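Chemist: The file below is model.txt, compact mmCIF, C-alpha atoms:
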# COMPACT_ATOMS: atom_id res chain seq x y z
CA MET L 1338 14.57 -5.09 17.90
CA VAL L 1339 14.18 -2.51 15.15
CA HIS L 1340 16.58 0.38 15.36
CA PHE L 1341 15.63 3.82 14.05
CA THR L 1342 18.39 6.31 13.26
CA SER L 1343 18.14 9.85 14.56
CA GLU L 1344 17.45 11.01 10.98
CA GLU L 1345 14.56 8.55 10.70
CA LYS L 1346 13.12 9.66 14.05
CA ALA L 1347 13.42 13.32 13.01
CA ALA L 1348 11.70 12.61 9.67
CA VAL L 1349 8.81 10.84 11.40
CA ALA L 1350 8.46 13.59 13.99
CA SER L 1351 8.51 16.38 11.38
CA LEU L 1352 5.64 14.85 9.42
CA TRP L 1353 3.72 13.71 12.51
CA ALA L 1354 3.69 17.28 13.84
CA LYS L 1355 1.55 18.28 10.84
CA VAL L 1356 -0.91 15.37 11.03
CA ASN L 1357 -4.54 15.97 11.97
CA VAL L 1358 -4.99 12.76 13.96
CA GLU L 1359 -8.78 12.77 13.78
CA ALA L 1360 -8.91 13.31 10.01
CA VAL L 1361 -6.08 10.95 9.05
CA GLY L 1362 -7.18 8.27 11.53
CA GLY L 1363 -10.78 8.31 10.39
CA GLU L 1364 -9.89 8.30 6.70
CA SER L 1365 -7.30 5.51 7.08
CA LEU L 1366 -9.76 3.23 8.84
CA ALA L 1367 -12.50 4.10 6.34
CA ARG L 1368 -10.20 3.23 3.43
CA LEU L 1369 -9.34 -0.11 5.05
CA LEU L 1370 -13.06 -0.94 5.32
CA ILE L 1371 -13.76 0.16 1.73
CA VAL L 1372 -10.71 -1.26 -0.07
CA TYR L 1373 -10.56 -4.53 1.94
CA PRO L 1374 -14.23 -5.20 2.76
CA TRP L 1375 -13.61 -8.33 4.85
CA THR L 1376 -12.23 -6.03 7.55
CA GLN L 1377 -15.79 -4.74 8.10
CA ARG L 1378 -16.40 -8.00 9.95
CA PHE L 1379 -14.54 -6.63 12.96
CA PHE L 1380 -16.82 -3.63 13.15
CA ASP L 1381 -20.33 -5.14 13.06
CA SER L 1382 -21.47 -2.87 15.86
CA PHE L 1383 -20.60 0.29 13.91
CA GLY L 1384 -23.90 0.49 12.06
CA ASN L 1385 -24.13 1.52 8.40
CA LEU L 1386 -21.07 0.40 6.41
CA HIS L 1387 -22.93 -0.15 3.14
CA SER L 1388 -21.28 2.45 0.91
CA GLU L 1389 -18.25 4.70 0.59
CA SER L 1390 -20.22 7.72 1.84
CA ALA L 1391 -21.76 5.75 4.71
CA ILE L 1392 -18.36 4.53 5.86
CA MET L 1393 -16.62 7.90 5.43
CA GLY L 1394 -19.42 9.65 7.33
CA ASN L 1395 -19.86 7.01 10.03
CA PRO L 1396 -19.12 8.67 13.41
CA LYS L 1397 -18.02 5.38 14.98
CA VAL L 1398 -15.49 4.81 12.19
CA LYS L 1399 -14.13 8.33 12.69
CA ALA L 1400 -13.93 7.88 16.47
CA HIS L 1401 -12.22 4.53 16.22
CA GLY L 1402 -9.84 5.79 13.54
CA LYS L 1403 -8.86 8.63 15.86
CA LYS L 1404 -8.30 6.13 18.70
CA VAL L 1405 -6.08 3.97 16.47
CA LEU L 1406 -4.02 6.91 15.27
CA ASN L 1407 -3.62 8.27 18.81
CA SER L 1408 -2.17 4.91 19.71
CA PHE L 1409 0.11 5.25 16.68
CA GLY L 1410 1.21 8.68 17.94
CA ASN L 1411 1.98 7.24 21.36
CA ALA L 1412 4.12 4.56 19.72
CA ILE L 1413 6.03 7.26 17.81
CA LYS L 1414 7.12 8.63 21.19
CA HIS L 1415 8.49 5.16 22.03
CA MET L 1416 10.04 4.06 18.76
CA ASP L 1417 12.82 2.22 20.56
CA ASP L 1418 10.37 -0.05 22.37
CA LEU L 1419 7.42 -0.73 20.10
CA LYS L 1420 6.99 -4.28 21.40
CA GLY L 1421 6.67 -3.05 24.98
CA THR L 1422 4.41 -0.17 23.96
CA PHE L 1423 2.03 -2.45 22.06
CA ALA L 1424 2.14 -5.45 24.42
CA ASP L 1425 -1.36 -4.96 25.85
CA LEU L 1426 -2.89 -4.08 22.48
CA SER L 1427 -1.22 -7.15 20.98
CA GLU L 1428 -2.88 -9.41 23.54
CA LEU L 1429 -6.22 -7.68 23.00
CA HIS L 1430 -6.10 -8.09 19.21
CA CYS L 1431 -5.11 -11.74 19.52
CA ASP L 1432 -7.12 -13.04 22.49
CA LYS L 1433 -10.26 -10.94 22.33
CA LEU L 1434 -10.58 -9.56 18.79
CA HIS L 1435 -8.98 -12.42 16.78
CA VAL L 1436 -7.58 -10.12 14.11
CA ASP L 1437 -5.14 -11.68 11.66
CA PRO L 1438 -1.88 -9.67 11.85
CA GLU L 1439 -1.82 -9.22 8.06
CA ASN L 1440 -4.57 -6.65 8.60
CA PHE L 1441 -2.15 -4.48 10.62
CA ARG L 1442 0.06 -4.24 7.56
CA LEU L 1443 -2.89 -3.35 5.38
CA LEU L 1444 -3.94 -0.58 7.79
CA GLY L 1445 -0.34 0.66 7.89
CA ASN L 1446 -0.38 0.96 4.10
CA MET L 1447 -3.71 2.82 4.25
CA ILE L 1448 -2.16 5.33 6.66
CA LEU L 1449 0.75 5.83 4.27
CA ILE L 1450 -1.57 6.41 1.33
CA VAL L 1451 -3.62 8.94 3.31
CA LEU L 1452 -0.39 10.71 4.30
CA ALA L 1453 0.62 10.77 0.62
CA THR L 1454 -2.65 12.50 -0.30
CA HIS L 1455 -2.24 15.11 2.44
CA PHE L 1456 1.52 15.71 2.22
CA SER L 1457 2.52 15.19 -1.41
CA LYS L 1458 5.58 17.46 -1.15
CA GLU L 1459 6.95 15.91 2.05
CA PHE L 1460 6.22 12.31 1.11
CA THR L 1461 9.43 11.72 -0.84
CA PRO L 1462 10.68 8.16 -1.48
CA GLN L 1463 12.96 8.51 1.57
CA MET L 1464 10.07 9.65 3.75
CA GLN L 1465 7.96 6.75 2.47
CA ALA L 1466 10.80 4.30 3.23
CA THR L 1467 11.04 5.57 6.82
CA TRP L 1468 7.29 5.33 7.35
CA GLN L 1469 7.17 1.83 5.78
CA LYS L 1470 9.84 0.78 8.29
CA LEU L 1471 7.79 2.31 11.11
CA THR L 1472 4.42 0.82 10.16
CA ASN L 1473 6.05 -2.53 9.49
CA ALA L 1474 7.70 -2.47 12.93
CA MET L 1475 4.38 -1.50 14.52
CA ALA L 1476 2.58 -4.33 12.75
CA ASN L 1477 5.21 -6.78 13.99
CA ALA L 1478 4.97 -5.38 17.53
CA LEU L 1479 1.18 -5.77 17.46
CA ALA L 1480 1.60 -9.37 16.33
CA HIS L 1481 4.30 -10.10 18.91
CA LYS L 1482 2.05 -11.47 21.66
CA TYR L 1483 0.10 -13.71 19.28
CA HIS L 1484 0.13 -17.38 20.09
CA MET J 759 -16.33 -10.37 -16.38
CA VAL J 760 -13.08 -9.65 -14.64
CA LEU J 761 -13.74 -6.16 -13.36
CA ALA J 762 -17.21 -4.79 -12.54
CA PRO J 763 -18.44 -1.96 -14.82
CA ALA J 764 -18.14 0.71 -12.11
CA ASP J 765 -14.52 -0.28 -11.37
CA ARG J 766 -13.64 -0.35 -15.08
CA ALA J 767 -15.17 3.05 -15.67
CA ALA J 768 -13.33 4.56 -12.69
CA VAL J 769 -9.93 3.17 -13.64
CA LEU J 770 -10.32 4.05 -17.34
CA ALA J 771 -11.35 7.61 -16.44
CA LEU J 772 -8.28 8.05 -14.27
CA TRP J 773 -6.03 6.58 -16.95
CA ARG J 774 -7.45 9.00 -19.52
CA LYS J 775 -6.71 11.83 -17.12
CA LEU J 776 -3.11 10.64 -16.67
CA GLY J 777 -2.79 10.63 -20.46
CA THR J 778 0.80 10.41 -21.63
CA ASN J 779 2.11 10.92 -18.10
CA VAL J 780 1.57 7.33 -16.94
CA GLY J 781 5.28 6.66 -17.50
CA ILE J 782 6.20 9.47 -15.10
CA TYR J 783 4.24 7.82 -12.31
CA THR J 784 5.38 4.26 -12.98
CA THR J 785 8.96 5.57 -12.95
CA GLU J 786 8.33 7.25 -9.60
CA ALA J 787 6.85 3.97 -8.33
CA LEU J 788 10.07 2.20 -9.32
CA GLU J 789 12.17 4.86 -7.59
CA ARG J 790 10.04 4.37 -4.50
CA ILE J 791 10.28 0.60 -4.41
CA PHE J 792 14.09 0.79 -4.70
CA VAL J 793 14.26 3.09 -1.68
CA ALA J 794 11.49 1.62 0.50
CA PHE J 795 12.12 -2.04 -0.34
CA PRO J 796 15.82 -2.22 -1.27
CA SER J 797 15.81 -5.98 -1.89
CA SER J 798 13.86 -5.17 -5.07
CA LYS J 799 17.07 -3.78 -6.57
CA THR J 800 18.35 -7.32 -6.97
CA TYR J 801 16.45 -7.60 -10.25
CA PHE J 802 18.00 -4.43 -11.65
CA LEU J 803 21.69 -4.77 -10.88
CA HIS J 804 22.44 -4.24 -14.57
CA LEU J 805 20.86 -0.77 -14.48
CA ASN J 806 21.97 2.57 -13.15
CA LEU J 807 19.52 3.04 -10.26
CA SER J 808 20.56 6.52 -9.15
CA PRO J 809 17.75 9.11 -8.89
CA GLY J 810 16.79 10.46 -12.32
CA SER J 811 18.35 7.52 -14.14
CA ALA J 812 17.33 7.34 -17.81
CA GLN J 813 17.41 3.54 -17.58
CA VAL J 814 14.89 3.52 -14.74
CA ARG J 815 12.77 5.95 -16.73
CA ALA J 816 12.89 3.60 -19.71
CA HIS J 817 11.80 0.71 -17.55
CA GLY J 818 9.06 2.84 -16.03
CA GLN J 819 7.79 3.53 -19.54
CA LYS J 820 7.68 -0.23 -20.27
CA VAL J 821 5.63 -0.79 -17.11
CA ALA J 822 3.29 2.04 -18.13
CA GLU J 823 2.77 0.51 -21.56
CA ALA J 824 2.03 -2.89 -20.03
CA LEU J 825 -0.55 -1.40 -17.64
CA SER J 826 -2.20 0.53 -20.48
CA LEU J 827 -2.27 -2.67 -22.52
CA ALA J 828 -3.88 -4.49 -19.59
CA MET J 829 -6.43 -1.68 -19.24
CA ASN J 830 -7.53 -2.23 -22.84
CA HIS J 831 -7.74 -6.02 -22.57
CA LEU J 832 -9.43 -6.52 -19.22
CA ASP J 833 -11.37 -9.56 -20.45
CA ASP J 834 -8.32 -11.28 -21.84
CA LEU J 835 -5.54 -10.54 -19.35
CA PRO J 836 -3.87 -13.98 -19.10
CA HIS J 837 -3.49 -14.16 -22.88
CA THR J 838 -2.54 -10.50 -23.32
CA LEU J 839 0.14 -10.69 -20.63
CA SER J 840 1.39 -14.20 -21.46
CA ALA J 841 4.75 -13.06 -22.87
CA LEU J 842 5.37 -10.82 -19.85
CA ARG J 843 4.30 -13.63 -17.53
CA GLU J 844 6.77 -15.96 -19.19
CA LEU J 845 9.52 -13.37 -18.92
CA HIS J 846 8.94 -12.47 -15.27
CA THR J 847 8.26 -15.93 -13.88
CA HIS J 848 10.54 -18.20 -15.90
CA LYS J 849 13.34 -16.02 -17.16
CA LEU J 850 13.69 -13.32 -14.50
CA ARG J 851 12.20 -15.44 -11.68
CA VAL J 852 10.81 -12.42 -9.88
CA ASP J 853 9.49 -13.15 -6.39
CA PRO J 854 5.75 -12.45 -6.79
CA VAL J 855 5.72 -10.34 -3.63
CA PHE J 856 7.50 -7.57 -5.52
CA PHE J 857 4.55 -7.07 -7.87
CA LYS J 858 2.42 -6.28 -4.82
CA LEU J 859 5.07 -3.92 -3.46
CA LEU J 860 5.40 -2.12 -6.82
CA CYS J 861 1.61 -1.75 -7.00
CA HIS J 862 1.59 -0.29 -3.48
CA CYS J 863 4.29 2.21 -4.53
CA LEU J 864 2.23 3.09 -7.61
CA LEU J 865 -0.83 3.70 -5.41
CA VAL J 866 1.24 5.97 -3.12
CA THR J 867 2.49 7.85 -6.22
CA LEU J 868 -0.99 8.33 -7.68
CA ALA J 869 -2.39 9.32 -4.26
CA ARG J 870 0.34 11.93 -4.01
CA HIS J 871 -0.20 13.45 -7.44
CA TYR J 872 -3.98 13.11 -7.70
CA PRO J 873 -5.32 13.45 -4.14
CA GLY J 874 -8.60 14.89 -5.39
CA ASP J 875 -9.19 11.89 -7.65
CA PHE J 876 -7.98 9.29 -5.17
CA SER J 877 -11.25 8.69 -3.35
CA PRO J 878 -11.63 5.46 -1.36
CA ASN J 879 -13.80 4.03 -4.17
CA MET J 880 -11.16 4.91 -6.78
CA HIS J 881 -8.52 3.39 -4.51
CA ALA J 882 -10.60 0.19 -4.23
CA SER J 883 -11.11 0.03 -8.03
CA LEU J 884 -7.38 0.46 -8.65
CA VAL J 885 -6.56 -2.30 -6.14
CA LYS J 886 -8.96 -4.64 -7.93
CA PHE J 887 -7.53 -3.78 -11.36
CA LEU J 888 -3.93 -4.21 -10.20
CA SER J 889 -4.79 -7.49 -8.45
CA HIS J 890 -6.04 -8.86 -11.76
CA VAL J 891 -2.88 -7.71 -13.53
CA ILE J 892 -0.74 -9.39 -10.85
CA SER J 893 -2.75 -12.63 -11.14
CA ALA J 894 -2.18 -12.68 -14.90
CA LEU J 895 1.50 -11.78 -14.56
CA ALA J 896 2.41 -13.96 -11.59
CA PRO J 897 -0.10 -16.79 -11.15
CA SER J 898 1.94 -18.31 -8.32
CA SER J 899 1.40 -15.23 -6.15
CA GLY J 900 -1.77 -16.80 -4.79
CA GLN J 901 -0.11 -20.08 -3.93
CA ILE J 902 -0.83 -21.66 -0.56
CA GLY J 903 2.15 -21.19 1.70
CA SER J 904 3.49 -18.18 -0.20
CA VAL J 905 4.91 -15.84 2.38
CA VAL J 906 3.78 -12.26 2.43
CA ALA J 907 6.85 -10.06 2.76
CA GLU J 908 7.00 -7.38 5.36
CA GLY J 909 5.37 -4.19 4.23
CA SER J 910 3.42 -5.75 1.38
CA CYS J 911 -0.22 -5.12 0.63
CA VAL J 912 -2.76 -5.52 -2.18
Since I need it in another form, could you write the structure as structure tokens?
Modeler:
Amino acid sequence: MVHFTSEEKAAVASLWAKVNVEAVGGESLARLLIVYPWTQRFFDSFGNLHSESAIMGNPKVKAHGKKVLNSFGNAIKHMDDLKGTFADLSELHCDKLHVDPENFRLLGNMILIVLATHFSKEFTPQMQATWQKLTNAMANALAHKYH
Amino acid sequence: MVLAPADRAAVLALWRKLGTNVGIYTTEALERIFVAFPSSKTYFLHLNLSPGSAQVRAHGQKVAEALSLAMNHLDDLPHTLSALRELHTHKLRVDPVFFKLLCHCLLVTLARHYPGDFSPNMHASLVKFLSHVISALAPSSGQIGSVVAEGSCV
């Protein structure tokens, strides 16, 4: 089990308090679809994903990005039990959606890059290290129920 | 052609904008990899790695020069980077995963300093460019069975 120090939890909470979940979620998912185009395969029903502007403006991408980041926010409240928190989502992504867990790490890195663009002052190397640890632990928790 | 015209143009335009400051950002990328992925320090035990270290800055400048060199020889990367490939794979024996991690830290650095320029398309072009550099520098990084380290990307 990953252990987060009180300093790490405080650092995550301080940045999270400033995050616009809808904006960051939508942009992170859009970047995943643009930078790693094979991920578009999981979102066939989302309509037009043919260009950067189409993807960034796609309402389904924005809505799903918000959903993903809300889930992220929920996990932040339960940093001591990420595996338990993500158990159902892990089963869903494995059994129903068939997503390779590597894609969770890619999305985690997209979230970090979006945070870097929005919070350049706060996103020090130490802050990045804490968030890498968090997104990595979340990716592992999401992969935990895979079989 | 290794990189499509639109990707080349985007990356070259950004590089021109960075001008002589590329070394500042590659140095920051190194500082970030040492903090976020501490196992990377194993290759630099002979250097002073404390924040602001002149030695890290010097190494950052070397990385910047190599990337600028790569930028100007996009159609001849394996040959252009052959000496560096030899050094990193055979002499230093760097685990290829660390090139990906350093590139990720460079992307975070550029996103931080140039948020207005770091559109998703620019981000995608940079990832493609850096992937080509990594392939030329560490050909074994694409090997079947190579394990992707936690937190890696690109």
Chemist: Please produce, as CSV, a per-residue contact table for chain J versus chain L (criterion: any atom at most 6 Å away, only C-alpha atoms considered), showing the nearest atom pair and its distance in Å to one decimal, sorted by chain then residue number.
Modeler:
residue,atom,partner,partner_atom,distance
J:Arg790,CA,L:Pro1462,CA,4.9
J:Ala794,CA,L:Ala1466,CA,3.9
J:Val866,CA,L:Ile1450,CA,5.3
J:Ala869,CA,L:Thr1454,CA,5.1
J:Arg870,CA,L:Ser1457,CA,4.7
J:Pro873,CA,L:Thr1454,CA,4.8
J:Pro878,CA,L:Arg1368,CA,5.5
J:Ala882,CA,L:Val1372,CA,4.4
J:Gly909,CA,L:Asn1473,CA,5.6
J:Cys911,CA,L:Leu1443,CA,5.7
Chemist: May I have the residues from that selection written out with C-alpha atoms, as a JSON list (two decimals), in the frame of the given file?
Modeler:
[["chain", "number", "residue", "atom", "x", "y", "z"],
["J", 790, "ARG", "CA", 10.04, 4.37, -4.50],
["J", 794, "ALA", "CA", 11.49, 1.62, 0.50],
["J", 866, "VAL", "CA", 1.24, 5.97, -3.12],
["J", 869, "ALA", "CA", -2.39, 9.32, -4.26],
["J", 870, "ARG", "CA", 0.34, 11.93, -4.01],
["J", 873, "PRO", "CA", -5.32, 13.45, -4.14],
["J", 878, "PRO", "CA", -11.63, 5.46, -1.36],
["J", 882, "ALA", "CA", -10.60, 0.19, -4.23],
["J", 909, "GLY", "CA", 5.37, -4.19, 4.23],
["J", 911, "CYS", "CA", -0.22, -5.12, 0.63]]
Chemist: Taking 6 positions as the minimum chain separation for residues in the same chain, which residues sit within 12 Å of Ala764 in chain J when counting all atoms listed in the file? Answer as a PyMOL selection string.
Modeler: chain J and resi 770-771+879-880+882-884+886-887
Chemist: May I ask which of the residues J:Ala896, J:Leu839, J:Leu865, J:Glu844 is the closest one to Leu825 in chain J, counting all atoms listed in the file?
Modeler: J:Leu839
Chemist: In Å, rounded to a single decimal, give me how far CA of His881 in chain J is from CA of Ala894 in chain J.
Modeler: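 Distance reported for this atom pair: 20.2 Å.
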Chemist: Box in all listed atoms of range 1441-1450 of chain L, axis-aligned, with 3 Å more on each side; write out centre and edge lengths in Å to one decimal as lines of an AutoDock Vina configuration file.
Modeler:
center_x = -1.6
center_y = 1.0
center_z = 6.0
size_x = 10.7
size_y = 16.9
size_z = 15.3
Chemist: One decimal, Å: what's the distance from CA of Phe802 in chain J over to CA of Ala841 in chain J, could you say?
Modeler: 19.4 Å
